>>> print(open('coords10.cif').read())   # mmCIF, C-alpha atoms and all ligand atoms
data_data
loop_
_atom_site.group_PDB
_atom_site.id
_atom_site.type_symbol
_atom_site.label_atom_id
_atom_site.label_comp_id
_atom_site.auth_asym_id
_atom_site.auth_seq_id
_atom_site.Cartn_x
_atom_site.Cartn_y
_atom_site.Cartn_z
ATOM 1 C CA MET R 1 29.100 39.508 13.272
ATOM 2 C CA SER R 2 29.780 36.691 15.668
ATOM 3 C CA THR R 3 30.736 37.429 19.222
ATOM 4 C CA THR R 4 32.404 35.031 21.622
ATOM 5 C CA ALA R 5 30.529 36.253 24.671
ATOM 6 C CA ASP R 6 29.331 33.484 26.985
ATOM 7 C CA ALA R 7 31.580 30.976 25.247
ATOM 8 C CA ALA R 8 31.682 27.583 26.933
ATOM 9 C CA THR R 9 33.807 24.636 25.869
ATOM 10 C CA ARG R 10 33.013 21.021 26.533
ATOM 11 C CA GLY R 11 35.902 19.373 24.718
ATOM 12 C CA THR R 12 34.628 18.140 21.374
ATOM 13 C CA VAL R 13 31.586 20.415 21.165
ATOM 14 C CA GLU R 14 31.783 24.155 21.730
ATOM 15 C CA ILE R 15 28.782 26.275 22.653
ATOM 16 C CA ARG R 16 28.587 30.015 22.267
ATOM 17 C CA ARG R 17 25.762 32.486 22.256
ATOM 18 C CA ASP R 18 25.359 35.136 19.574
ATOM 19 C CA GLY R 19 22.416 37.208 20.765
ATOM 20 C CA ASP R 20 19.397 34.908 20.852
ATOM 21 C CA VAL R 21 21.203 32.236 18.829
ATOM 22 C CA ALA R 22 23.203 29.316 20.273
ATOM 23 C CA VAL R 23 26.045 28.216 18.003
ATOM 24 C CA LEU R 24 27.172 24.609 18.490
ATOM 25 C CA THR R 25 30.508 23.748 16.905
ATOM 26 C CA LEU R 26 31.745 20.194 16.441
ATOM 27 C CA ALA R 27 35.329 20.681 17.569
ATOM 28 C CA ARG R 28 37.373 17.615 16.740
ATOM 29 C CA PRO R 29 39.081 19.029 13.650
ATOM 30 C CA ALA R 30 42.104 16.707 13.705
ATOM 31 C CA LYS R 31 39.668 13.854 12.975
ATOM 32 C CA LEU R 32 37.457 15.918 10.656
ATOM 33 C CA ASN R 33 34.842 16.066 13.432
ATOM 34 C CA ALA R 34 34.207 12.338 13.187
ATOM 35 C CA LEU R 35 31.148 11.548 15.254
ATOM 36 C CA SER R 36 32.539 9.383 18.027
ATOM 37 C CA THR R 37 30.310 8.187 20.856
ATOM 38 C CA TYR R 38 32.107 10.699 23.049
ATOM 39 C CA LEU R 39 31.381 13.609 20.699
ATOM 40 C CA GLU R 40 27.760 12.558 20.237
ATOM 41 C CA ASN R 41 27.322 12.424 24.018
ATOM 42 C CA GLU R 42 28.816 15.887 24.303
ATOM 43 C CA LEU R 43 26.442 17.097 21.609
ATOM 44 C CA LEU R 44 23.541 15.596 23.554
ATOM 45 C CA GLY R 45 24.794 17.455 26.635
ATOM 46 C CA ALA R 46 25.086 20.671 24.636
ATOM 47 C CA LEU R 47 21.486 20.335 23.412
ATOM 48 C CA ARG R 48 20.359 20.098 27.047
ATOM 49 C CA SER R 49 22.585 22.954 28.237
ATOM 50 C CA ALA R 50 21.219 26.161 29.712
ATOM 51 C CA GLU R 51 22.711 28.116 26.785
ATOM 52 C CA VAL R 52 20.715 26.122 24.233
ATOM 53 C CA ARG R 53 17.538 25.957 26.296
ATOM 54 C CA ALA R 54 17.556 29.741 26.619
ATOM 55 C CA ALA R 55 18.287 30.313 22.910
ATOM 56 C CA ARG R 56 15.564 31.107 20.357
ATOM 57 C CA ALA R 57 17.423 29.461 17.458
ATOM 58 C CA VAL R 58 20.360 27.094 17.081
ATOM 59 C CA VAL R 59 23.196 26.892 14.540
ATOM 60 C CA VAL R 60 25.210 23.674 14.159
ATOM 61 C CA THR R 61 28.595 23.813 12.458
ATOM 62 C CA GLY R 62 32.013 22.164 12.379
ATOM 63 C CA ALA R 63 35.515 23.446 13.130
ATOM 64 C CA GLY R 64 38.290 23.146 10.573
ATOM 65 C CA ARG R 65 38.061 21.634 7.105
ATOM 66 C CA ALA R 66 34.927 19.529 7.642
ATOM 67 C CA PHE R 67 31.421 19.855 8.944
ATOM 68 C CA SER R 68 31.903 16.184 9.811
ATOM 69 C CA ALA R 69 33.369 13.143 8.029
ATOM 70 C CA GLY R 70 30.711 10.962 9.639
ATOM 71 C CA ALA R 71 30.658 8.181 12.189
ATOM 72 C CA ASP R 72 33.995 7.440 13.816
ATOM 73 C CA VAL R 73 35.006 4.446 11.725
ATOM 74 C CA THR R 74 37.395 3.200 14.418
ATOM 75 C CA GLU R 75 34.352 2.368 16.559
ATOM 76 C CA LEU R 76 32.572 0.330 13.887
ATOM 77 C CA PRO R 77 34.350 -3.042 14.391
ATOM 78 C CA ALA R 78 33.001 -3.253 17.976
ATOM 79 C CA MET R 79 29.420 -2.719 16.851
ATOM 80 C CA THR R 80 27.654 -6.004 17.593
ATOM 81 C CA PRO R 81 23.847 -6.012 17.290
ATOM 82 C CA GLU R 82 23.677 -5.570 21.095
ATOM 83 C CA ALA R 83 26.104 -2.643 20.972
ATOM 84 C CA ILE R 84 24.090 -1.035 18.173
ATOM 85 C CA ASP R 85 20.889 -1.399 20.187
ATOM 86 C CA ALA R 86 22.612 0.276 23.155
ATOM 87 C CA TYR R 87 24.007 2.942 20.813
ATOM 88 C CA TYR R 88 20.563 3.993 19.593
ATOM 89 C CA ARG R 89 19.392 4.224 23.209
ATOM 90 C CA GLY R 90 22.435 6.349 24.059
ATOM 91 C CA SER R 91 24.483 8.786 21.987
ATOM 92 C CA GLY R 92 22.805 7.682 18.752
ATOM 93 C CA ALA R 93 19.670 9.458 19.952
ATOM 94 C CA VAL R 94 21.395 12.772 19.278
ATOM 95 C CA TYR R 95 20.166 13.048 15.682
ATOM 96 C CA GLU R 96 16.532 12.850 16.779
ATOM 97 C CA ALA R 97 17.309 15.205 19.674
ATOM 98 C CA VAL R 98 18.482 17.795 17.129
ATOM 99 C CA ALA R 99 15.399 17.218 14.978
ATOM 100 C CA ASP R 100 13.126 17.468 18.021
ATOM 101 C CA LEU R 101 14.486 20.789 19.307
ATOM 102 C CA PRO R 102 11.608 23.244 19.628
ATOM 103 C CA GLN R 103 13.775 26.040 18.258
ATOM 104 C CA PRO R 104 14.568 26.463 14.557
ATOM 105 C CA THR R 105 17.938 24.985 13.618
ATOM 106 C CA VAL R 106 20.360 25.909 10.828
ATOM 107 C CA ALA R 107 23.352 23.798 9.771
ATOM 108 C CA ALA R 108 26.359 25.803 8.545
ATOM 109 C CA VAL R 109 28.369 23.439 6.357
ATOM 110 C CA ALA R 110 31.878 23.742 4.944
ATOM 111 C CA GLY R 111 34.190 21.016 3.686
ATOM 112 C CA TYR R 112 33.304 17.361 4.096
ATOM 113 C CA CYS R 113 29.739 16.607 5.151
ATOM 114 C CA LEU R 114 29.686 12.834 4.930
ATOM 115 C CA GLY R 115 27.765 9.953 6.445
ATOM 116 C CA GLY R 116 26.538 10.867 9.927
ATOM 117 C CA GLY R 117 27.673 14.438 9.274
ATOM 118 C CA PHE R 118 25.222 14.678 6.371
ATOM 119 C CA GLU R 119 22.570 12.991 8.531
ATOM 120 C CA LEU R 120 23.159 15.566 11.272
ATOM 121 C CA ALA R 121 22.807 18.406 8.753
ATOM 122 C CA LEU R 122 19.604 16.798 7.449
ATOM 123 C CA ALA R 123 18.242 16.709 11.009
ATOM 124 C CA CYS R 124 18.409 20.530 11.059
ATOM 125 C CA ASP R 125 15.531 22.612 9.697
ATOM 126 C CA LEU R 126 17.656 24.575 7.235
ATOM 127 C CA ARG R 127 21.131 24.214 5.750
ATOM 128 C CA VAL R 128 23.546 26.738 4.265
ATOM 129 C CA ALA R 129 26.914 25.804 2.823
ATOM 130 C CA ASP R 130 30.210 27.173 1.642
ATOM 131 C CA PRO R 131 30.631 26.631 -2.134
ATOM 132 C CA GLY R 132 33.366 24.066 -1.458
ATOM 133 C CA ALA R 133 31.208 21.839 0.746
ATOM 134 C CA VAL R 134 30.996 18.191 -0.286
ATOM 135 C CA PHE R 135 28.045 15.987 0.677
ATOM 136 C CA GLY R 136 27.876 12.231 0.553
ATOM 137 C CA LEU R 137 26.765 8.991 2.160
ATOM 138 C CA PRO R 138 29.745 6.633 1.774
ATOM 139 C CA GLU R 139 28.364 3.945 4.100
ATOM 140 C CA ILE R 140 27.613 1.477 1.282
ATOM 141 C CA GLY R 141 31.351 1.118 0.663
ATOM 142 C CA LEU R 142 31.735 -0.061 4.246
ATOM 143 C CA GLY R 143 28.965 -2.614 3.825
ATOM 144 C CA ILE R 144 26.504 -0.618 5.914
ATOM 145 C CA LEU R 145 24.004 2.187 5.292
ATOM 146 C CA PRO R 146 23.027 5.511 6.838
ATOM 147 C CA GLY R 147 21.280 4.558 10.094
ATOM 148 C CA SER R 148 20.744 7.865 11.853
ATOM 149 C CA GLY R 149 17.683 9.053 9.982
ATOM 150 C CA GLY R 150 19.579 9.877 6.798
ATOM 151 C CA VAL R 151 17.706 7.496 4.492
ATOM 152 C CA HIS R 152 14.305 8.628 5.722
ATOM 153 C CA ARG R 153 15.146 12.336 5.723
ATOM 154 C CA LEU R 154 16.868 12.300 2.343
ATOM 155 C CA VAL R 155 13.908 10.516 0.739
ATOM 156 C CA ARG R 156 11.549 13.068 2.327
ATOM 157 C CA ALA R 157 13.694 16.080 1.469
ATOM 158 C CA ALA R 158 14.846 15.253 -2.052
ATOM 159 C CA GLY R 159 12.940 12.159 -3.174
ATOM 160 C CA PRO R 160 13.851 8.494 -3.703
ATOM 161 C CA ALA R 161 15.708 9.053 -6.991
ATOM 162 C CA LEU R 162 18.432 11.184 -5.420
ATOM 163 C CA ALA R 163 18.428 8.983 -2.314
ATOM 164 C CA ARG R 164 19.106 5.910 -4.510
ATOM 165 C CA ASP R 165 21.783 7.757 -6.437
ATOM 166 C CA LEU R 166 23.649 8.930 -3.325
ATOM 167 C CA ILE R 167 23.117 5.921 -1.049
ATOM 168 C CA LEU R 168 23.608 3.075 -3.559
ATOM 169 C CA ARG R 169 26.491 4.680 -5.443
ATOM 170 C CA GLY R 170 28.061 6.391 -2.447
ATOM 171 C CA ARG R 171 28.866 9.282 -4.744
ATOM 172 C CA ARG R 172 29.703 12.758 -3.510
ATOM 173 C CA MET R 173 27.687 15.861 -4.346
ATOM 174 C CA GLU R 174 28.918 19.447 -4.436
ATOM 175 C CA ALA R 175 27.138 22.338 -2.726
ATOM 176 C CA SER R 176 25.803 23.670 -6.047
ATOM 177 C CA GLU R 177 24.032 20.364 -6.727
ATOM 178 C CA ALA R 178 22.759 20.099 -3.138
ATOM 179 C CA PHE R 179 21.239 23.563 -3.611
ATOM 180 C CA ARG R 180 19.667 22.613 -6.949
ATOM 181 C CA ARG R 181 18.185 19.524 -5.330
ATOM 182 C CA GLY R 182 16.518 21.634 -2.645
ATOM 183 C CA LEU R 183 18.724 20.405 0.202
ATOM 184 C CA LEU R 184 20.294 23.817 0.876
ATOM 185 C CA THR R 185 18.633 27.135 1.576
ATOM 186 C CA GLU R 186 21.697 28.967 0.280
ATOM 187 C CA VAL R 187 25.211 28.517 -0.985
ATOM 188 C CA THR R 188 26.978 31.350 0.802
ATOM 189 C CA GLU R 189 29.955 33.426 -0.219
ATOM 190 C CA PRO R 190 33.159 31.521 0.515
ATOM 191 C CA GLY R 191 33.795 31.233 4.249
ATOM 192 C CA ARG R 192 30.592 33.041 5.233
ATOM 193 C CA GLN R 193 28.525 29.943 6.094
ATOM 194 C CA VAL R 194 28.526 30.471 9.866
ATOM 195 C CA ASP R 195 27.862 34.211 9.717
ATOM 196 C CA ARG R 196 25.058 33.623 7.221
ATOM 197 C CA ALA R 197 23.574 30.815 9.333
ATOM 198 C CA VAL R 198 23.628 33.108 12.369
ATOM 199 C CA GLU R 199 21.941 35.868 10.331
ATOM 200 C CA ILE R 200 19.171 33.485 9.238
ATOM 201 C CA ALA R 201 18.859 32.065 12.765
ATOM 202 C CA THR R 202 18.603 35.604 14.143
ATOM 203 C CA GLU R 203 15.713 36.284 11.733
ATOM 204 C CA LEU R 204 14.049 33.055 12.864
ATOM 205 C CA ALA R 205 14.671 33.872 16.532
ATOM 206 C CA VAL R 206 12.142 36.714 16.539
ATOM 207 C CA ALA R 207 9.272 34.476 15.424
ATOM 208 C CA PRO R 208 6.870 33.472 18.216
ATOM 209 C CA ALA R 209 8.431 30.425 19.877
ATOM 210 C CA LEU R 210 5.250 28.398 20.369
ATOM 211 C CA ALA R 211 4.147 28.942 16.767
ATOM 212 C CA VAL R 212 7.600 27.909 15.516
ATOM 213 C CA ALA R 213 7.731 24.791 17.703
ATOM 214 C CA THR R 214 4.210 23.818 16.599
ATOM 215 C CA ALA R 215 4.932 24.492 12.918
ATOM 216 C CA LYS R 216 8.045 22.301 13.103
ATOM 217 C CA GLN R 217 6.007 19.385 14.453
ATOM 218 C CA LEU R 218 3.253 20.017 11.942
ATOM 219 C CA ILE R 219 5.679 19.955 9.007
ATOM 220 C CA ASP R 220 7.067 16.602 10.193
ATOM 221 C CA GLY R 221 3.561 15.257 10.756
ATOM 222 C CA ALA R 222 2.298 16.525 7.388
ATOM 223 C CA ALA R 223 4.981 14.560 5.564
ATOM 224 C CA GLU R 224 3.570 11.360 7.065
ATOM 225 C CA ALA R 225 -0.144 12.160 6.913
ATOM 226 C CA SER R 226 -2.976 11.740 4.451
ATOM 227 C CA ARG R 227 -4.532 14.945 3.105
ATOM 228 C CA GLU R 228 -7.445 14.624 5.542
ATOM 229 C CA THR R 229 -5.216 14.043 8.556
ATOM 230 C CA GLY R 230 -2.825 16.779 7.443
ATOM 231 C CA LEU R 231 -5.658 19.284 7.174
ATOM 232 C CA LEU R 232 -7.031 18.193 10.530
ATOM 233 C CA LEU R 233 -3.628 18.641 12.182
ATOM 234 C CA GLU R 234 -3.314 22.073 10.571
ATOM 235 C CA ARG R 235 -6.732 23.168 11.789
ATOM 236 C CA LEU R 236 -6.179 21.861 15.304
ATOM 237 C CA ALA R 237 -2.762 23.501 15.515
ATOM 238 C CA TYR R 238 -4.216 26.755 14.195
ATOM 239 C CA ALA R 239 -7.026 26.657 16.746
ATOM 240 C CA ALA R 240 -4.580 25.930 19.560
ATOM 241 C CA LEU R 241 -2.230 28.719 18.513
ATOM 242 C CA ASN R 242 -4.750 31.418 17.737
ATOM 243 C CA ARG R 243 -4.608 34.118 20.387
ATOM 244 C CA THR R 244 -1.445 32.719 22.017
ATOM 245 C CA GLY R 245 0.101 35.939 20.770
ATOM 246 C CA PRO R 246 3.431 36.955 19.301
ATOM 247 C CA THR R 247 5.768 35.744 22.081
HETATM 248 N N1 LIG T 1 36.284 8.342 11.530
HETATM 249 C C1 LIG T 1 37.446 8.408 12.207
HETATM 250 N N2 LIG T 1 38.505 9.151 11.806
HETATM 251 C C2 LIG T 1 38.357 9.843 10.666
HETATM 252 C C3 LIG T 1 37.177 9.822 9.902
HETATM 253 C C4 LIG T 1 36.098 9.029 10.379
HETATM 254 N N3 LIG T 1 34.925 8.958 9.726
HETATM 255 N N4 LIG T 1 37.331 10.613 8.820
HETATM 256 C C5 LIG T 1 38.574 11.115 8.906
HETATM 257 N N5 LIG T 1 39.202 10.653 10.007
HETATM 258 C C6 LIG T 1 40.548 10.973 10.465
HETATM 259 C C7 LIG T 1 41.612 10.272 9.626
HETATM 260 O O1 LIG T 1 41.837 8.956 10.101
HETATM 261 C C8 LIG T 1 42.789 11.171 9.854
HETATM 262 O O2 LIG T 1 43.324 10.934 11.127
HETATM 263 P P1 LIG T 1 44.949 10.848 11.311
HETATM 264 O O3 LIG T 1 45.447 12.189 10.822
HETATM 265 O O4 LIG T 1 45.124 10.638 12.778
HETATM 266 O O5 LIG T 1 45.403 9.736 10.445
HETATM 267 C C9 LIG T 1 42.156 12.558 9.910
HETATM 268 O O6 LIG T 1 40.794 12.345 10.264
HETATM 269 C C10 LIG T 1 42.205 13.313 8.599
HETATM 270 O O7 LIG T 1 41.617 12.478 7.600
HETATM 271 P P2 LIG T 1 42.376 12.121 6.224
HETATM 272 O O8 LIG T 1 41.753 10.872 5.689
HETATM 273 O O9 LIG T 1 43.858 12.138 6.422
HETATM 274 O O10 LIG T 1 41.958 13.384 5.349
HETATM 275 P P3 LIG T 1 41.799 13.422 3.756
HETATM 276 O O11 LIG T 1 41.597 14.860 3.393
HETATM 277 O O12 LIG T 1 42.893 12.670 3.083
HETATM 278 O O13 LIG T 1 40.440 12.613 3.453
HETATM 279 C C11 LIG T 1 38.108 12.063 3.781
HETATM 280 C C12 LIG T 1 39.218 13.113 3.920
HETATM 281 C C13 LIG T 1 36.841 12.601 4.434
HETATM 282 C C14 LIG T 1 37.833 11.789 2.283
HETATM 283 C C15 LIG T 1 38.555 10.736 4.446
HETATM 284 O O14 LIG T 1 39.041 11.068 5.755
HETATM 285 C C16 LIG T 1 37.467 9.723 4.597
HETATM 286 O O15 LIG T 1 37.106 9.069 3.613
HETATM 287 N N6 LIG T 1 36.933 9.546 5.825
HETATM 288 C C17 LIG T 1 35.950 8.534 6.133
HETATM 289 C C18 LIG T 1 34.569 8.990 5.639
HETATM 290 C C19 LIG T 1 33.508 7.929 5.926
HETATM 291 O O16 LIG T 1 33.580 6.811 5.457
HETATM 292 N N7 LIG T 1 32.503 8.333 6.723
HETATM 293 C C20 LIG T 1 31.337 7.530 6.989
HETATM 294 C C21 LIG T 1 31.532 6.577 8.095
HETATM 295 S S1 LIG T 1 30.083 5.539 8.269
#
>>> encode(input="coords10.cif", output="structure tokens")
Amino acid sequence: MSTTADAATRGTVEIRRDGDVAVLTLARPAKLNALSTYLENELLGALRSAEVRAARAVVVTGAGRAFSAGADVTELPAMTPEAIDAYYRGSGAVYEAVADLPQPTVAAVAGYCLGGGFELALACDLRVADPGAVFGLPEIGLGILPGSGGVHRLVRAAGPALARDLILRGRRMEASEAFRRGLLTEVTEPGRQVDRAVEIATELAVAPALAVATAKQLIDGAAEASRETGLLLERLAYAALNRTGPT
């Protein structure tokens, strides 16, 4: 169902529109879409692009045989504490920028979804995957750990037991297990992950934008809040939204 109308290419990240949905494709397939500083900066640029700002929902996917094999390991040796601090102020902010998008986001995963790739998928609201997708957080083997929100989001999404299992052992998990663990909305038919993500995003795109943006923030806030504060946030958000209408 995808069209290539309004396609725009920015090197390692491609943007296209499919109706009201913006589809962002990590496009560095020769390196399994490894998340270099350059690619992350391009992804930041894509998130701020007119195509994405005008879209009502966003799909994130990867070209070739990986969603992403994670951080570009060739950049790791240069990562002094100062460089890491600068990184989080620069391209490393992209994971939170994805999570903070007002529009609903769907990750369409096939192949390797490792390290920062898994963290990027976790930063999306929903995830669908090809049956052959493989998820994992191999950082421990490199003497580091997931540092782009992956620990926090995995604990929130699937609980500390699975987070310990994946992060401490660095083991890989197939799509069927990721679905069982609640990390995937669907395992699609083989090769249909992008089409299915666009279908789901198109459904989401008709929901009133302000209500969706508010609900996204409320869901994040609720995970951090006491029952009393959670209920208060809900009531305040409801009062603010009531009569804003279905736009
Ligand atoms: N960073 C930089 N380059 C990467 C990469 C990464 N995270 N993952 C893969 N690549 C590159 C490889 O160096 C190779 O490049 P080359 O063809 O120029 O040599 C290319 O992508 C293909 O990878 P290759 O290892 O040949 O594919 P494979 O099918 O044999 O193995 C993986 C696939 C994902 C198992 C393996 O590439 C891997 O373990 N990657 C690193 C994963 C990782 O540790 N990520 C977390 C980093 S914190």
>>> axis_aligned_box(input="coords10.cif", around="ligand LIG 1 (chain T)", padding_each_side="6 Å", output="lines of an AutoDock Vina configuration file")
center_x = 37.8
center_y = 10.2
center_z = 7.5
size_x = 27.4
size_y = 21.3
size_z = 22.5
>>> closest_residue(input="coords10.cif", among="R:Gly117, R:Pro146, R:Pro104, R:Gly191", to="R:Ala213", atoms="only C-alpha atoms")
R:Pro104
>>> closest_residue(input="coords10.cif", among="R:Ala71, R:Val155, R:Ala197, R:Ile167", to="R:Leu184", atoms="all atoms listed in the file")
R:Ala197
>>> residues_around(input="coords10.cif", residues="R:Glu40", least_positions_apart="3", cutoff="8 Å", atoms="only C-alpha atoms", output="MDAnalysis selection string")
chainID R and resid 35:37 43:44 91:92 94
>>> atom_distance(input="coords10.cif", atom1="atom CA of R:Ala30", atom2="atom P3 of ligand LIG 1 (chain T)")
10.5 Å
>>> resolve_selection(input="coords10.cif", expression="the PyMOL selection byres (((chain R and resi 232-235) around 12) and not hetatm)", output="PDB file with C-alpha atoms, keeping the file's coordinate frame")
ATOM      1  CA  ALA R 211       4.147  28.942  16.767  1.00  0.00           C
ATOM      2  CA  THR R 214       4.210  23.818  16.599  1.00  0.00           C
ATOM      3  CA  ALA R 215       4.932  24.492  12.918  1.00  0.00           C
ATOM      4  CA  LYS R 216       8.045  22.301  13.103  1.00  0.00           C
ATOM      5  CA  GLN R 217       6.007  19.385  14.453  1.00  0.00           C
ATOM      6  CA  LEU R 218       3.253  20.017  11.942  1.00  0.00           C
ATOM      7  CA  ILE R 219       5.679  19.955   9.007  1.00  0.00           C
ATOM      8  CA  ASP R 220       7.067  16.602  10.193  1.00  0.00           C
ATOM      9  CA  GLY R 221       3.561  15.257  10.756  1.00  0.00           C
ATOM     10  CA  ALA R 222       2.298  16.525   7.388  1.00  0.00           C
ATOM     11  CA  ALA R 223       4.981  14.560   5.564  1.00  0.00           C
ATOM     12  CA  GLU R 224       3.570  11.360   7.065  1.00  0.00           C
ATOM     13  CA  ALA R 225      -0.144  12.160   6.913  1.00  0.00           C
ATOM     14  CA  SER R 226      -2.976  11.740   4.451  1.00  0.00           C
ATOM     15  CA  ARG R 227      -4.532  14.945   3.105  1.00  0.00           C
ATOM     16  CA  GLU R 228      -7.445  14.624   5.542  1.00  0.00           C
ATOM     17  CA  THR R 229      -5.216  14.043   8.556  1.00  0.00           C
ATOM     18  CA  GLY R 230      -2.825  16.779   7.443  1.00  0.00           C
ATOM     19  CA  LEU R 231      -5.658  19.284   7.174  1.00  0.00           C
ATOM     20  CA  LEU R 236      -6.179  21.861  15.304  1.00  0.00           C
ATOM     21  CA  ALA R 237      -2.762  23.501  15.515  1.00  0.00           C
ATOM     22  CA  TYR R 238      -4.216  26.755  14.195  1.00  0.00           C
ATOM     23  CA  ALA R 239      -7.026  26.657  16.746  1.00  0.00           C
ATOM     24  CA  ALA R 240      -4.580  25.930  19.560  1.00  0.00           C
ATOM     25  CA  LEU R 241      -2.230  28.719  18.513  1.00  0.00           C
ATOM     26  CA  ASN R 242      -4.750  31.418  17.737  1.00  0.00           C
TER      27      ASN R 242
END
>>> atom_distance(input="coords10.cif", atom1="atom CA of R:Ala57", atom2="atom CA of R:Arg16")
12.2 Å
>>> residues_near_ligand(input="coords10.cif", ligand="ligand LIG 1 (chain T)", cutoff="8 Å", atoms="all atoms listed in the file", output="PyMOL selection string")
chain R and resi 29-36+66+68-74+112+114-116+137-139+141-142+144-146
>>> closest_residue(input="coords10.cif", among="R:Gly11, R:Pro102, R:Ala121, R:Arg48", to="R:Ala205", atoms="only C-alpha atoms")
R:Pro102
>>> atom_distance(input="coords10.cif", atom1="atom CA of R:Val187", atom2="atom CA of R:Val106")
13.0 Å
>>> resolve_selection(input="coords10.cif", expression="the PyMOL selection byres (((chain R and resi 21) around 12) and not hetatm)", output="JSON, numbers by chain")
{"R": [2, 3, 4, 5, 6, 15, 16, 17, 18, 19, 20, 22, 23, 24, 51, 52, 53, 54, 55, 56, 57, 58, 59, 60, 103, 104, 105, 106, 194, 195, 197, 198, 199, 200, 201, 202, 203, 204, 205, 206]}
>>> residues_around(input="coords10.cif", residues="stretch 86-89 of chain R", least_positions_apart="3", cutoff="12 Å", atoms="only C-alpha atoms", output="number ranges by chain")
R: 36-38, 40-41, 75-76, 78-83, 92-97, 147-149
>>> residues_near_point(input="coords10.cif", point="(19.4, 18.9, 10.1)", cutoff="9 Å", atoms="all atoms listed in the file", output="PyMOL selection string")
chain R and resi 60+95+98-99+105-107+118-127+153
>>> decode(input="coords10.cif", residues="stretch 132-144 of chain R", atoms="N, CA and C atoms", output="PDB file, in the first residue's frame")
ATOM      1  N   GLY R 132      11.170 -13.012  11.656  1.00  0.00           N
ATOM      2  CA  GLY R 132      12.606 -13.284  11.757  1.00  0.00           C
ATOM      3  C   GLY R 132      13.384 -12.233  12.526  1.00  0.00           C
ATOM      4  N   ALA R 133      12.705 -11.246  13.068  1.00  0.00           N
ATOM      5  CA  ALA R 133      13.414 -10.172  13.790  1.00  0.00           C
ATOM      6  C   ALA R 133      14.097 -10.737  15.035  1.00  0.00           C
ATOM      7  N   VAL R 134      15.244 -10.157  15.354  1.00  0.00           N
ATOM      8  CA  VAL R 134      16.026 -10.600  16.512  1.00  0.00           C
ATOM      9  C   VAL R 134      16.346  -9.375  17.366  1.00  0.00           C
ATOM     10  N   PHE R 135      15.977  -9.449  18.634  1.00  0.00           N
ATOM     11  CA  PHE R 135      16.164  -8.319  19.557  1.00  0.00           C
ATOM     12  C   PHE R 135      17.258  -8.665  20.560  1.00  0.00           C
ATOM     13  N   GLY R 136      18.019  -7.663  20.943  1.00  0.00           N
ATOM     14  CA  GLY R 136      19.022  -7.921  21.971  1.00  0.00           C
ATOM     15  C   GLY R 136      19.745  -6.659  22.384  1.00  0.00           C
ATOM     16  N   LEU R 137      20.378  -6.749  23.554  1.00  0.00           N
ATOM     17  CA  LEU R 137      21.165  -5.636  24.093  1.00  0.00           C
ATOM     18  C   LEU R 137      22.560  -6.190  24.391  1.00  0.00           C
ATOM     19  N   PRO R 138      23.431  -6.198  23.380  1.00  0.00           N
ATOM     20  CA  PRO R 138      24.743  -6.856  23.541  1.00  0.00           C
ATOM     21  C   PRO R 138      25.796  -5.996  24.226  1.00  0.00           C
ATOM     22  N   GLU R 139      25.404  -4.824  24.728  1.00  0.00           N
ATOM     23  CA  GLU R 139      26.394  -3.876  25.254  1.00  0.00           C
ATOM     24  C   GLU R 139      27.289  -4.477  26.331  1.00  0.00           C
ATOM     25  N   ILE R 140      26.710  -5.354  27.192  1.00  0.00           N
ATOM     26  CA  ILE R 140      27.491  -5.872  28.321  1.00  0.00           C
ATOM     27  C   ILE R 140      28.780  -6.531  27.842  1.00  0.00           C
ATOM     28  N   GLY R 141      28.714  -7.166  26.685  1.00  0.00           N
ATOM     29  CA  GLY R 141      29.900  -7.835  26.124  1.00  0.00           C
ATOM     30  C   GLY R 141      30.989  -6.858  25.728  1.00  0.00           C
ATOM     31  N   LEU R 142      30.607  -5.596  25.558  1.00  0.00           N
ATOM     32  CA  LEU R 142      31.586  -4.563  25.212  1.00  0.00           C
ATOM     33  C   LEU R 142      32.026  -3.798  26.458  1.00  0.00           C
ATOM     34  N   GLY R 143      31.530  -4.240  27.605  1.00  0.00           N
ATOM     35  CA  GLY R 143      31.905  -3.578  28.858  1.00  0.00           C
ATOM     36  C   GLY R 143      31.125  -2.302  29.113  1.00  0.00           C
ATOM     37  N   ILE R 144      30.009  -2.144  28.403  1.00  0.00           N
ATOM     38  CA  ILE R 144      29.171  -0.956  28.620  1.00  0.00           C
ATOM     39  C   ILE R 144      27.732  -1.417  28.872  1.00  0.00           C
TER      40      ILE R 144
END
